[in-house]
$ cat my_file_30.csv   # CSV, C-alpha atoms
chain,number,residue,atom,x,y,z
A,1099,MET,CA,-25.4,44.4,10.6
A,1100,ARG,CA,-23.6,44.4,7.2
A,1101,VAL,CA,-20.1,45.4,6.5
A,1102,ALA,CA,-21.4,48.4,4.6
A,1103,ASP,CA,-23.3,49.6,7.7
A,1104,PHE,CA,-20.1,50.3,9.6
A,1105,PRO,CA,-18.3,53.6,9.2
A,1106,PRO,CA,-15.0,52.8,7.4
A,1107,ASP,CA,-12.8,53.8,10.2
A,1108,GLN,CA,-14.8,51.8,12.7
A,1109,PHE,CA,-14.8,48.7,10.5
A,1110,ASP,CA,-11.0,49.0,10.0
A,1111,ARG,CA,-10.5,49.2,13.8
A,1112,LYS,CA,-12.7,46.2,14.4
A,1113,LEU,CA,-10.8,44.3,11.7
A,1114,ALA,CA,-7.5,45.1,13.4
A,1115,ASP,CA,-8.6,44.5,17.0
A,1116,SER,CA,-11.2,41.8,17.6
A,1117,GLY,CA,-11.6,40.7,13.9
A,1118,VAL,CA,-14.7,40.7,11.7
A,1119,PRO,CA,-16.8,37.5,11.8
A,1120,LEU,CA,-18.4,37.2,8.3
A,1121,ARG,CA,-21.1,34.8,7.5
A,1122,CYS,CA,-20.1,33.0,4.3
A,1123,GLY,CA,-22.9,30.6,3.6
A,1124,PRO,CA,-22.9,27.8,6.2
A,1125,PHE,CA,-19.7,29.1,7.8
A,1126,VAL,CA,-18.7,32.1,10.0
A,1127,VAL,CA,-15.2,33.2,9.2
A,1128,CYS,CA,-13.5,35.6,11.6
A,1129,ILE,CA,-11.0,37.7,9.7
A,1130,SER,CA,-8.4,39.9,11.4
A,1131,SER,CA,-5.8,42.1,9.8
A,1132,ARG,CA,-4.1,45.5,10.2
A,1133,LEU,CA,-3.4,45.7,6.5
A,1134,PRO,CA,-5.2,48.4,4.6
A,1135,HIS,CA,-5.2,46.1,1.5
A,1136,ILE,CA,-7.5,43.7,3.4
A,1137,ALA,CA,-9.7,46.4,4.9
A,1138,ALA,CA,-10.3,48.0,1.6
A,1139,GLY,CA,-10.9,44.7,-0.2
A,1140,LEU,CA,-13.4,43.6,2.4
A,1141,ARG,CA,-15.2,46.9,2.4
A,1142,PHE,CA,-15.6,46.8,-1.4
A,1143,HIS,CA,-16.1,43.1,-2.1
A,1144,TYR,CA,-17.9,42.0,1.1
A,1145,ALA,CA,-20.0,45.2,1.6
A,1146,ASP,CA,-23.3,43.2,1.7
A,1147,PHE,CA,-22.1,40.4,4.0
A,1148,GLU,CA,-23.6,40.0,7.5
A,1149,VAL,CA,-21.1,40.6,10.3
A,1150,HIS,CA,-21.9,38.0,12.9
A,1151,ALA,CA,-22.5,39.5,16.4
A,1152,ASP,CA,-20.5,36.9,18.2
A,1153,PRO,CA,-16.8,36.4,17.2
A,1154,GLU,CA,-16.7,33.4,19.4
A,1155,ALA,CA,-19.2,31.7,17.1
A,1156,SER,CA,-16.7,31.6,14.2
A,1157,ASP,CA,-15.8,28.3,12.5
A,1158,PHE,CA,-12.4,29.6,11.4
A,1159,ASP,CA,-10.0,32.3,12.7
A,1160,ILE,CA,-8.3,33.8,9.7
A,1161,ARG,CA,-5.4,36.3,10.1
A,1162,LEU,CA,-3.4,38.2,7.5
A,1163,GLU,CA,-0.4,39.9,8.9
A,1164,PRO,CA,3.3,40.6,8.0
A,1165,PRO,CA,5.3,37.5,9.0
A,1166,SER,CA,7.9,39.6,10.9
A,1167,VAL,CA,8.8,43.1,12.0
A,1168,LEU,CA,11.6,43.1,9.5
A,1169,ARG,CA,9.3,42.1,6.7
A,1170,ARG,CA,7.2,45.2,7.4
A,1171,LEU,CA,10.2,47.3,6.3
A,1172,VAL,CA,12.1,45.2,3.7
A,1173,ARG,CA,10.1,43.8,0.7
A,1174,PRO,CA,6.9,43.6,2.9
A,1175,GLN,CA,5.0,40.4,2.8
A,1176,VAL,CA,1.8,39.0,4.1
A,1177,ASN,CA,1.2,35.7,5.9
A,1178,PHE,CA,-2.1,33.8,5.9
A,1179,THR,CA,-3.0,31.8,9.0
A,1180,CYS,CA,-6.1,29.7,9.8
A,1181,ASP,CA,-6.6,28.8,13.4
A,1182,GLY,CA,-2.9,29.6,14.0
A,1183,ARG,CA,-1.6,27.5,11.2
A,1184,ALA,CA,0.2,28.9,8.1
A,1185,PRO,CA,-0.6,26.6,5.2
A,1186,PHE,CA,1.1,28.8,2.5
A,1187,ARG,CA,4.3,30.7,2.1
A,1188,PRO,CA,4.1,34.4,2.6
A,1189,LEU,CA,3.3,36.6,-0.5
A,1190,PRO,CA,4.2,40.2,-1.4
A,1191,ILE,CA,2.0,42.5,0.6
A,1192,ASP,CA,0.2,43.9,-2.4
A,1193,GLN,CA,-1.2,40.3,-3.0
A,1194,ALA,CA,-2.9,40.3,0.4
A,1195,PHE,CA,-6.5,40.4,-0.8
A,1196,PRO,CA,-6.0,37.7,-3.5
A,1197,MET,CA,-4.2,35.7,-0.8
A,1198,LEU,CA,-7.3,36.0,1.5
A,1199,GLU,CA,-9.5,34.7,-1.3
A,1200,TRP,CA,-7.2,31.8,-2.2
A,1201,GLY,CA,-6.9,31.1,1.5
A,1202,LEU,CA,-10.6,31.0,2.1
A,1203,ASN,CA,-11.0,28.6,-0.8
A,1204,TRP,CA,-8.5,26.4,0.8
A,1205,VAL,CA,-10.1,26.7,4.2
A,1206,ILE,CA,-13.5,25.6,2.9
A,1207,SER,CA,-12.3,22.9,0.5
A,1208,SER,CA,-10.1,21.4,3.3
A,1209,HIS,CA,-12.6,21.5,6.1
A,1210,ALA,CA,-16.2,21.3,4.7
A,1211,HIS,CA,-16.4,17.5,4.8
A,1212,ASP,CA,-20.0,17.5,5.8
A,1213,HIS,CA,-20.5,18.4,2.1
A,1214,LEU,CA,-19.2,17.0,-1.1
A,1215,VAL,CA,-17.0,19.8,-2.4
A,1216,VAL,CA,-16.5,20.1,-6.1
A,1217,HIS,CA,-14.3,22.6,-7.9
A,1218,GLY,CA,-17.0,24.4,-9.8
A,1219,ALA,CA,-19.2,27.5,-10.0
A,1220,VAL,CA,-22.9,27.4,-9.2
A,1221,LEU,CA,-25.6,29.7,-10.4
A,1222,GLU,CA,-29.3,29.6,-10.1
A,1223,ARG,CA,-32.3,30.8,-12.0
A,1224,ASN,CA,-36.0,30.0,-11.2
A,1225,GLY,CA,-35.0,27.7,-8.4
A,1226,ARG,CA,-32.8,25.5,-10.7
A,1227,ALA,CA,-29.1,25.4,-10.4
A,1228,LEU,CA,-26.3,25.2,-13.0
A,1229,ILE,CA,-22.9,23.8,-12.1
A,1230,LEU,CA,-19.9,24.9,-14.2
A,1231,ALA,CA,-17.1,22.3,-13.5
A,1232,ALA,CA,-13.8,22.9,-15.2
A,1233,ASP,CA,-10.1,22.8,-14.8
A,1234,PRO,CA,-8.3,26.1,-14.0
A,1235,GLY,CA,-7.9,28.3,-17.1
A,1236,SER,CA,-11.1,26.9,-18.8
A,1237,GLY,CA,-13.0,30.2,-18.6
A,1238,LYS,CA,-15.3,29.1,-15.8
A,1239,SER,CA,-15.1,32.3,-13.8
A,1240,THR,CA,-15.5,34.5,-16.8
A,1241,LEU,CA,-18.6,32.6,-17.8
A,1242,CYS,CA,-19.8,32.7,-14.2
A,1243,ALA,CA,-19.5,36.5,-14.2
A,1244,GLY,CA,-21.3,36.7,-17.5
A,1245,LEU,CA,-24.2,34.7,-16.2
A,1246,VAL,CA,-24.3,36.7,-13.0
A,1247,HIS,CA,-24.4,39.9,-15.1
A,1248,ALA,CA,-27.3,38.3,-17.1
A,1249,GLY,CA,-29.3,37.9,-13.8
A,1250,TRP,CA,-28.4,34.4,-12.6
A,1251,ARG,CA,-28.0,34.2,-8.8
A,1252,LEU,CA,-24.5,33.4,-7.7
A,1253,LEU,CA,-24.1,30.6,-5.3
A,1254,SER,CA,-20.4,30.2,-5.8
A,1255,ASP,CA,-17.6,31.0,-8.3
A,1256,GLU,CA,-15.3,28.3,-7.1
A,1257,LEU,CA,-16.7,25.7,-4.7
A,1258,THR,CA,-19.8,23.6,-5.3
A,1259,LEU,CA,-21.0,22.4,-1.9
A,1260,VAL,CA,-23.4,19.4,-2.2
A,1261,ASN,CA,-25.5,18.6,0.9
A,1262,LEU,CA,-24.8,14.9,1.6
A,1263,ASP,CA,-28.3,14.4,3.0
A,1264,ASN,CA,-30.6,16.0,0.4
A,1265,GLY,CA,-28.3,16.7,-2.6
A,1266,ARG,CA,-29.1,20.4,-2.7
A,1267,LEU,CA,-26.4,22.9,-3.5
A,1268,VAL,CA,-25.4,25.1,-0.6
A,1269,PRO,CA,-24.4,28.8,-1.4
A,1270,VAL,CA,-21.1,30.2,-0.4
A,1271,ALA,CA,-21.3,33.3,-2.6
A,1272,ARG,CA,-18.1,35.2,-2.5
A,1273,PRO,CA,-16.2,37.5,-5.0
A,1274,ILE,CA,-15.6,36.0,-8.4
A,1275,SER,CA,-12.0,35.6,-9.2
A,1276,LEU,CA,-10.8,36.9,-12.6
A,1277,LYS,CA,-7.5,36.6,-14.2
A,1278,ASN,CA,-5.6,38.4,-17.0
A,1279,GLU,CA,-7.7,39.0,-20.1
A,1280,SER,CA,-11.0,38.0,-18.4
A,1281,ILE,CA,-10.7,41.1,-16.2
A,1282,ASP,CA,-11.3,43.4,-19.1
A,1283,VAL,CA,-13.9,41.1,-20.6
A,1284,VAL,CA,-16.0,41.3,-17.4
A,1285,ARG,CA,-15.4,45.0,-17.0
A,1286,ALA,CA,-16.8,45.5,-20.5
A,1287,LEU,CA,-20.1,43.9,-19.4
A,1288,GLY,CA,-21.0,47.2,-17.8
A,1289,PRO,CA,-20.8,49.2,-14.6
A,1290,GLU,CA,-22.9,46.7,-12.7
A,1291,ALA,CA,-20.1,44.2,-13.0
A,1292,ALA,CA,-18.2,45.7,-10.0
A,1293,VAL,CA,-14.6,44.7,-10.5
A,1294,GLY,CA,-12.1,45.7,-7.8
A,1295,ALA,CA,-8.5,46.6,-7.9
A,1296,VAL,CA,-6.2,44.6,-10.1
A,1297,CYS,CA,-3.2,42.9,-8.5
A,1298,TYR,CA,-0.4,42.3,-11.0
A,1299,GLY,CA,2.5,39.8,-10.8
A,1300,THR,CA,0.8,37.0,-8.9
A,1301,GLY,CA,1.6,33.4,-9.6
A,1302,LYS,CA,-1.6,33.4,-11.8
A,1303,GLY,CA,-0.7,36.7,-13.5
A,1304,ALA,CA,-3.0,39.7,-13.1
A,1305,VAL,CA,-5.9,39.0,-10.7
A,1306,ALA,CA,-9.0,41.0,-9.8
A,1307,HIS,CA,-12.3,40.1,-8.2
A,1308,MET,CA,-15.9,40.9,-9.0
A,1309,ARG,CA,-18.2,41.8,-6.1
A,1310,PRO,CA,-21.0,39.3,-5.7
A,1311,PRO,CA,-24.4,40.9,-6.3
A,1312,SER,CA,-26.3,42.1,-3.3
A,1313,GLU,CA,-29.2,39.8,-4.0
A,1314,SER,CA,-27.0,36.7,-4.1
A,1315,VAL,CA,-25.5,37.7,-0.7
A,1316,ALA,CA,-28.9,38.4,0.7
A,1317,ARG,CA,-30.1,34.9,-0.3
A,1318,ILE,CA,-26.9,33.1,0.9
A,1319,SER,CA,-28.9,30.8,3.1
A,1320,GLU,CA,-31.1,29.5,0.2
A,1321,ALA,CA,-29.9,26.2,-1.2
A,1322,ALA,CA,-30.8,25.3,-4.8
A,1323,VAL,CA,-31.8,22.1,-6.6
A,1324,PRO,CA,-29.2,21.0,-9.2
A,1325,ALA,CA,-30.6,20.9,-12.8
A,1326,TRP,CA,-27.6,21.3,-15.2
A,1327,ILE,CA,-23.9,20.5,-15.3
A,1328,ILE,CA,-21.8,22.1,-17.9
A,1329,PHE,CA,-18.1,21.4,-18.5
A,1330,PRO,CA,-17.1,24.7,-20.2
A,1331,LYS,CA,-13.9,25.2,-22.2
A,1332,PHE,CA,-13.0,28.6,-23.6
A,1333,ALA,CA,-10.9,28.4,-26.8
A,1334,ARG,CA,-10.4,31.6,-28.8
A,1335,THR,CA,-10.6,29.7,-32.1
A,1336,GLN,CA,-13.8,27.9,-31.3
A,1337,THR,CA,-16.3,29.4,-33.6
A,1338,PRO,CA,-19.2,28.6,-33.7
A,1339,PRO,CA,-19.6,27.1,-30.2
A,1340,VAL,CA,-20.0,23.4,-29.8
A,1341,VAL,CA,-22.4,22.1,-27.2
A,1342,GLU,CA,-22.9,18.3,-26.8
A,1343,GLU,CA,-24.5,16.0,-24.3
A,1344,VAL,CA,-22.4,14.0,-21.9
A,1345,GLY,CA,-23.6,10.6,-20.6
A,1346,HIS,CA,-24.1,10.4,-16.8
A,1347,ALA,CA,-21.5,7.7,-16.2
A,1348,HIS,CA,-18.9,9.7,-18.1
A,1349,ALA,CA,-20.0,12.9,-16.3
A,1350,PHE,CA,-19.6,11.1,-12.9
A,1351,MET,CA,-16.1,10.1,-13.8
A,1352,GLU,CA,-15.2,13.6,-14.9
A,1353,LEU,CA,-16.7,15.1,-11.8
A,1354,THR,CA,-14.6,12.9,-9.5
A,1355,ARG,CA,-11.6,14.7,-10.9
A,1356,HIS,CA,-13.0,18.0,-9.8
A,1357,CYS,CA,-13.9,16.8,-6.2
A,1358,PHE,CA,-11.8,17.9,-3.3
A,1359,ASN,CA,-13.0,15.3,-0.8
A,1360,TYR,CA,-14.4,12.4,-2.9
A,1361,ALA,CA,-11.8,9.8,-1.7
A,1362,LEU,CA,-12.1,11.1,1.9
A,1363,LEU,CA,-15.8,10.7,2.0
A,1364,GLY,CA,-15.9,7.4,0.2
A,1365,GLY,CA,-19.3,5.8,-0.1
A,1366,ALA,CA,-21.1,9.0,1.0
A,1367,ALA,CA,-19.4,10.9,-1.9
A,1368,PHE,CA,-20.3,8.2,-4.3
A,1369,GLY,CA,-23.9,8.4,-3.4
A,1370,ALA,CA,-24.0,12.2,-3.4
A,1371,LEU,CA,-22.3,12.4,-6.8
A,1372,ALA,CA,-24.6,9.7,-8.3
A,1373,GLY,CA,-27.6,11.6,-7.0
A,1374,LEU,CA,-26.2,14.9,-8.5
A,1375,VAL,CA,-25.8,13.5,-12.0
A,1376,ASP,CA,-29.1,11.7,-11.8
A,1377,ARG,CA,-30.8,15.1,-11.3
A,1378,CYS,CA,-28.9,16.9,-14.0
A,1379,ARG,CA,-28.7,17.3,-17.8
A,1380,VAL,CA,-25.0,17.3,-18.5
A,1381,LEU,CA,-23.3,19.2,-21.4
A,1382,ARG,CA,-19.9,20.0,-22.6
A,1383,ALA,CA,-19.5,23.5,-24.2
A,1384,ARG,CA,-16.6,24.8,-26.2
A,1385,TYR,CA,-16.8,28.4,-27.2
A,1386,GLY,CA,-14.7,31.3,-28.3
A,1387,HIS,CA,-16.6,34.2,-26.8
A,1388,LEU,CA,-19.1,34.9,-24.0
A,1389,ASP,CA,-21.6,36.3,-26.5
A,1390,GLN,CA,-21.7,32.8,-28.2
A,1391,ILE,CA,-22.3,30.7,-25.1
A,1392,LEU,CA,-24.5,32.9,-23.0
A,1393,PRO,CA,-27.6,32.7,-25.3
A,1394,VAL,CA,-27.1,28.9,-25.5
A,1395,ILE,CA,-27.3,28.6,-21.7
A,1396,GLU,CA,-30.2,31.1,-21.5
A,1397,GLN,CA,-32.1,29.1,-24.1
A,1398,LEU,CA,-31.4,25.8,-22.3
A,1399,ALA,CA,-32.7,27.3,-19.0
A,1400,ALA,CA,-35.8,28.8,-20.7
A,1401,GLU,CA,-36.7,25.6,-22.5
A,1402,GLU,CA,-36.4,23.4,-19.5
A,1403,THR,CA,-38.1,25.8,-17.0
A,1404,ARG,CA,-41.3,26.1,-19.0
B,315,MET,CA,-16.8,-20.5,-8.9
B,316,THR,CA,-19.3,-18.8,-6.7
B,317,TYR,CA,-19.1,-15.0,-6.3
B,318,ARG,CA,-20.6,-12.2,-4.3
B,319,LEU,CA,-20.2,-8.4,-4.5
B,320,ALA,CA,-17.2,-7.3,-2.5
B,321,SER,CA,-18.5,-5.8,0.7
B,322,ASP,CA,-16.8,-2.4,0.1
B,323,VAL,CA,-18.1,-2.0,-3.4
B,324,THR,CA,-20.9,0.4,-4.5
B,325,TRP,CA,-22.0,0.7,-8.1
B,326,ARG,CA,-24.4,2.5,-10.4
B,327,CYS,CA,-25.2,2.0,-14.1
B,328,TRP,CA,-26.4,4.5,-16.6
B,329,ASP,CA,-27.0,4.3,-20.4
B,330,ASP,CA,-23.4,5.1,-21.2
B,331,GLY,CA,-21.7,2.9,-18.6
B,332,CYS,CA,-21.4,1.6,-15.1
B,333,VAL,CA,-19.4,3.3,-12.4
B,334,VAL,CA,-18.0,1.1,-9.6
B,335,PHE,CA,-16.4,2.4,-6.4
B,336,SER,CA,-14.3,0.4,-4.0
B,337,ALA,CA,-14.1,1.9,-0.5
B,338,ALA,CA,-11.2,-0.4,0.3
B,339,THR,CA,-9.0,0.9,-2.5
B,340,ALA,CA,-10.7,4.3,-3.0
B,341,GLN,CA,-10.8,3.5,-6.7
B,342,THR,CA,-13.6,4.4,-9.1
B,343,LEU,CA,-13.9,2.4,-12.3
B,344,LEU,CA,-15.9,3.2,-15.4
B,345,LEU,CA,-17.1,0.0,-17.1
B,346,SER,CA,-19.2,-0.4,-20.2
B,347,SER,CA,-22.9,-0.8,-19.6
B,348,GLU,CA,-22.8,-4.4,-20.7
B,349,TYR,CA,-21.5,-5.1,-17.1
B,350,GLY,CA,-24.8,-3.8,-15.7
B,351,PRO,CA,-26.8,-7.1,-15.8
B,352,ALA,CA,-23.9,-9.0,-14.3
B,353,LEU,CA,-23.6,-6.5,-11.4
B,354,ALA,CA,-27.3,-6.5,-10.9
B,355,ALA,CA,-27.5,-10.3,-10.8
B,356,VAL,CA,-24.7,-10.7,-8.4
B,357,ALA,CA,-25.8,-7.8,-6.2
B,358,GLU,CA,-29.3,-9.2,-6.0
B,359,ALA,CA,-28.1,-12.6,-5.1
B,360,SER,CA,-25.7,-11.1,-2.5
B,361,VAL,CA,-28.6,-9.4,-0.8
B,362,THR,CA,-30.8,-12.5,-0.9
B,363,HIS,CA,-28.1,-14.8,0.2
B,364,PRO,CA,-25.4,-12.8,2.1
B,365,SER,CA,-23.3,-15.9,2.3
B,366,GLY,CA,-23.0,-15.8,-1.5
B,367,MET,CA,-23.7,-19.6,-1.7
B,368,ALA,CA,-26.7,-19.1,-4.0
B,369,ILE,CA,-25.0,-16.9,-6.5
B,370,GLU,CA,-23.5,-19.6,-8.6
B,371,GLY,CA,-25.1,-19.6,-12.0
B,372,ALA,CA,-27.1,-16.5,-11.2
B,373,SER,CA,-25.4,-14.5,-13.9
B,374,ALA,CA,-26.3,-17.1,-16.5
B,375,ARG,CA,-29.9,-16.4,-15.9
B,376,VAL,CA,-29.6,-12.8,-16.8
B,377,PRO,CA,-29.3,-11.9,-20.5
B,378,GLY,CA,-26.0,-10.3,-21.3
B,379,ALA,CA,-24.4,-11.2,-18.0
B,380,ASP,CA,-22.1,-13.9,-19.4
B,381,GLN,CA,-19.5,-15.7,-17.4
B,382,ALA,CA,-16.6,-13.8,-19.0
B,383,LEU,CA,-17.9,-10.5,-17.7
B,384,VAL,CA,-18.4,-12.0,-14.2
B,385,GLU,CA,-14.9,-13.3,-14.2
B,386,ARG,CA,-13.6,-9.9,-15.4
B,387,LEU,CA,-15.4,-8.3,-12.4
B,388,PHE,CA,-13.7,-10.8,-10.2
B,389,GLU,CA,-10.3,-9.8,-11.6
B,390,LEU,CA,-11.1,-6.2,-11.0
B,391,GLY,CA,-11.8,-6.9,-7.3
B,392,ILE,CA,-15.5,-5.9,-7.7
B,393,LEU,CA,-16.6,-9.5,-6.9
B,394,GLU,CA,-15.0,-11.9,-4.5
B,395,SER,CA,-15.2,-15.6,-4.5
B,396,VAL,CA,-17.0,-17.6,-1.9
B,397,LEU,CA,-15.4,-20.9,-1.1

$ encode --input "my_file_30.csv" --output "structure tokens"
Amino acid sequence: MRVADFPPDQFDRKLADSGVPLRCGPFVVCISSRLPHIAAGLRFHYADFEVHADPEASDFDIRLEPPSVLRRLVRPQVNFTCDGRAPFRPLPIDQAFPMLEWGLNWVISSHAHDHLVVHGAVLERNGRALILAADPGSGKSTLCAGLVHAGWRLLSDELTLVNLDNGRLVPVARPISLKNESIDVVRALGPEAAVGAVCYGTGKGAVAHMRPPSESVARISEAAVPAWIIFPKFARTQTPPVVEEVGHAHAFMELTRHCFNYALLGGAAFGALAGLVDRCRVLRARYGHLDQILPVIEQLAAEETR
Amino acid sequence: MTYRLASDVTWRCWDDGCVVFSAATAQTLLLSSEYGPALAAVAEASVTHPSGMAIEGASARVPGADQALVERLFELGILESVL
């Protein structure tokens, strides 16, 4: 049963009472909250996600609630807990849904050590996957949203999970996080780019999320073979775009900076990362507008898929 | 001096360089690709003769793997000496 299959009031009650166990790729995350911000956010962004029948089967128990009774009345806040621990300071209550998304990123990147976890988006076309690895603020998520709108399958906007045994990329498709100007850029792509409510005044500025396409969620169990790695960098003044090859040794070194658990996994991470770059063509792309870079990537994919 | 690859070291070379990882220090180094033949020679000898006793001079038989590079790898902790 999917989130959208529940009548809204029934879903909200389940969320407040026993919690909603959602299948997010290889994980089942049980989310509980009495906050209407969370209920509305889940119903919109996670509409196509499977609700697991057994809450006891959850890998993580996530709760978002006000930290105290007083805080429900005076400058209300929200607290994020995972398995009873609160890794973050409370945030203003209107930031509850962004906090859930940031918290889920933290949960997966801190615990998924049976995978190499890289900070990067993953998209797939014709069975071949593209990784966008970049520092925050590089335009990664905007480019990811643009590619999703162009028909690429979303595996993840934020976390690249590399299977340590076979090198395949494991989907954990969730909403695409957008910030500030990128919100309007993605909205302008068209009505299919389903962008939810904007939350202003967060530590990252204005934040909104784009709902993952139904097809990407339906195929969340299908891993993909890595084929390309791009290090994107948006720079308003970069016209025309510059795309250049990156050698595999230099790509390896750059990717280690983007790994969450490279040092922790040690030799296993080295092997997985070496295998990843072996399989991929690696490029660096600097561009000033989505319209410049999307055709370049489409052409790359078309040429090498023939 | 006789060398062998340090037991906690893993490495890979590509056209644009060699990446060496030490599990002991959790450090990853990027070296120029000219280190490739030296790493290959010592690694091969280390496998053939785990004691390292047969490695002496192995690098000299591989073009490009000169003694200076081997000694630099030793300084970096990628090779260890065998007494």

$ interface_residues --input "my_file_30.csv" --of "chain A" --to "chain B" --cutoff "6 Å" --atoms "only C-alpha atoms" --output "PDB file with C-alpha atoms, in the frame of the given file"
ATOM      1  CA  GLY A1345     -23.600  10.600 -20.600  1.00  0.00           C
ATOM      2  CA  ALA A1347     -21.500   7.700 -16.200  1.00  0.00           C
ATOM      3  CA  ALA A1361     -11.800   9.800  -1.700  1.00  0.00           C
ATOM      4  CA  GLY A1364     -15.900   7.400   0.200  1.00  0.00           C
TER       5      GLY A1364
END

$ residues_around --input "my_file_30.csv" --residues "A:Ala1366" --least-positions-apart "5" --cutoff "10 Å" --atoms "all atoms listed in the file" --output "list in words"
Asp1212, His1213, Leu1214, Leu1262, Asp1263, Tyr1360, Ala1361, Leu1371 and Ala1372 of chain A

$ residues_around --input "my_file_30.csv" --residues "A:Met1197" --least-positions-apart "3" --cutoff "12 Å" --atoms "all atoms listed in the file" --output "VMD selection string"
chain A and resid 1135 to 1136 1139 1160 to 1163 1175 to 1179 1185 to 1194 1200 to 1205 1275 1297 1300 to 1302 1305 to 1307

$ closest_residue --input "my_file_30.csv" --among "A:Leu1276, A:Val1315, A:Leu1353, A:Val1283" --to "A:Leu1253" --atoms "all atoms listed in the file"
A:Val1315

$ closest_residue --input "my_file_30.csv" --among "A:Val1260, A:Glu1154, A:Met1308, A:Ala1145" --to "A:Ala1210" --atoms "all atoms listed in the file"
A:Val1260

$ residues_around --input "my_file_30.csv" --residues "A:Arg1384" --least-positions-apart "4" --cutoff "12 Å" --atoms "all atoms listed in the file" --output "list in words"
Ala1232, Ser1236, Gly1237, Lys1238, Leu1241, Ile1328, Phe1329, Pro1330, Lys1331, Phe1332, Ala1333, Arg1334, Thr1335, Gln1336, Thr1337, Pro1338, Pro1339, Val1340, Val1341, Glu1342, Glu1343, Leu1388, Gln1390, Ile1391, Leu1392 and Val1394 of chain A
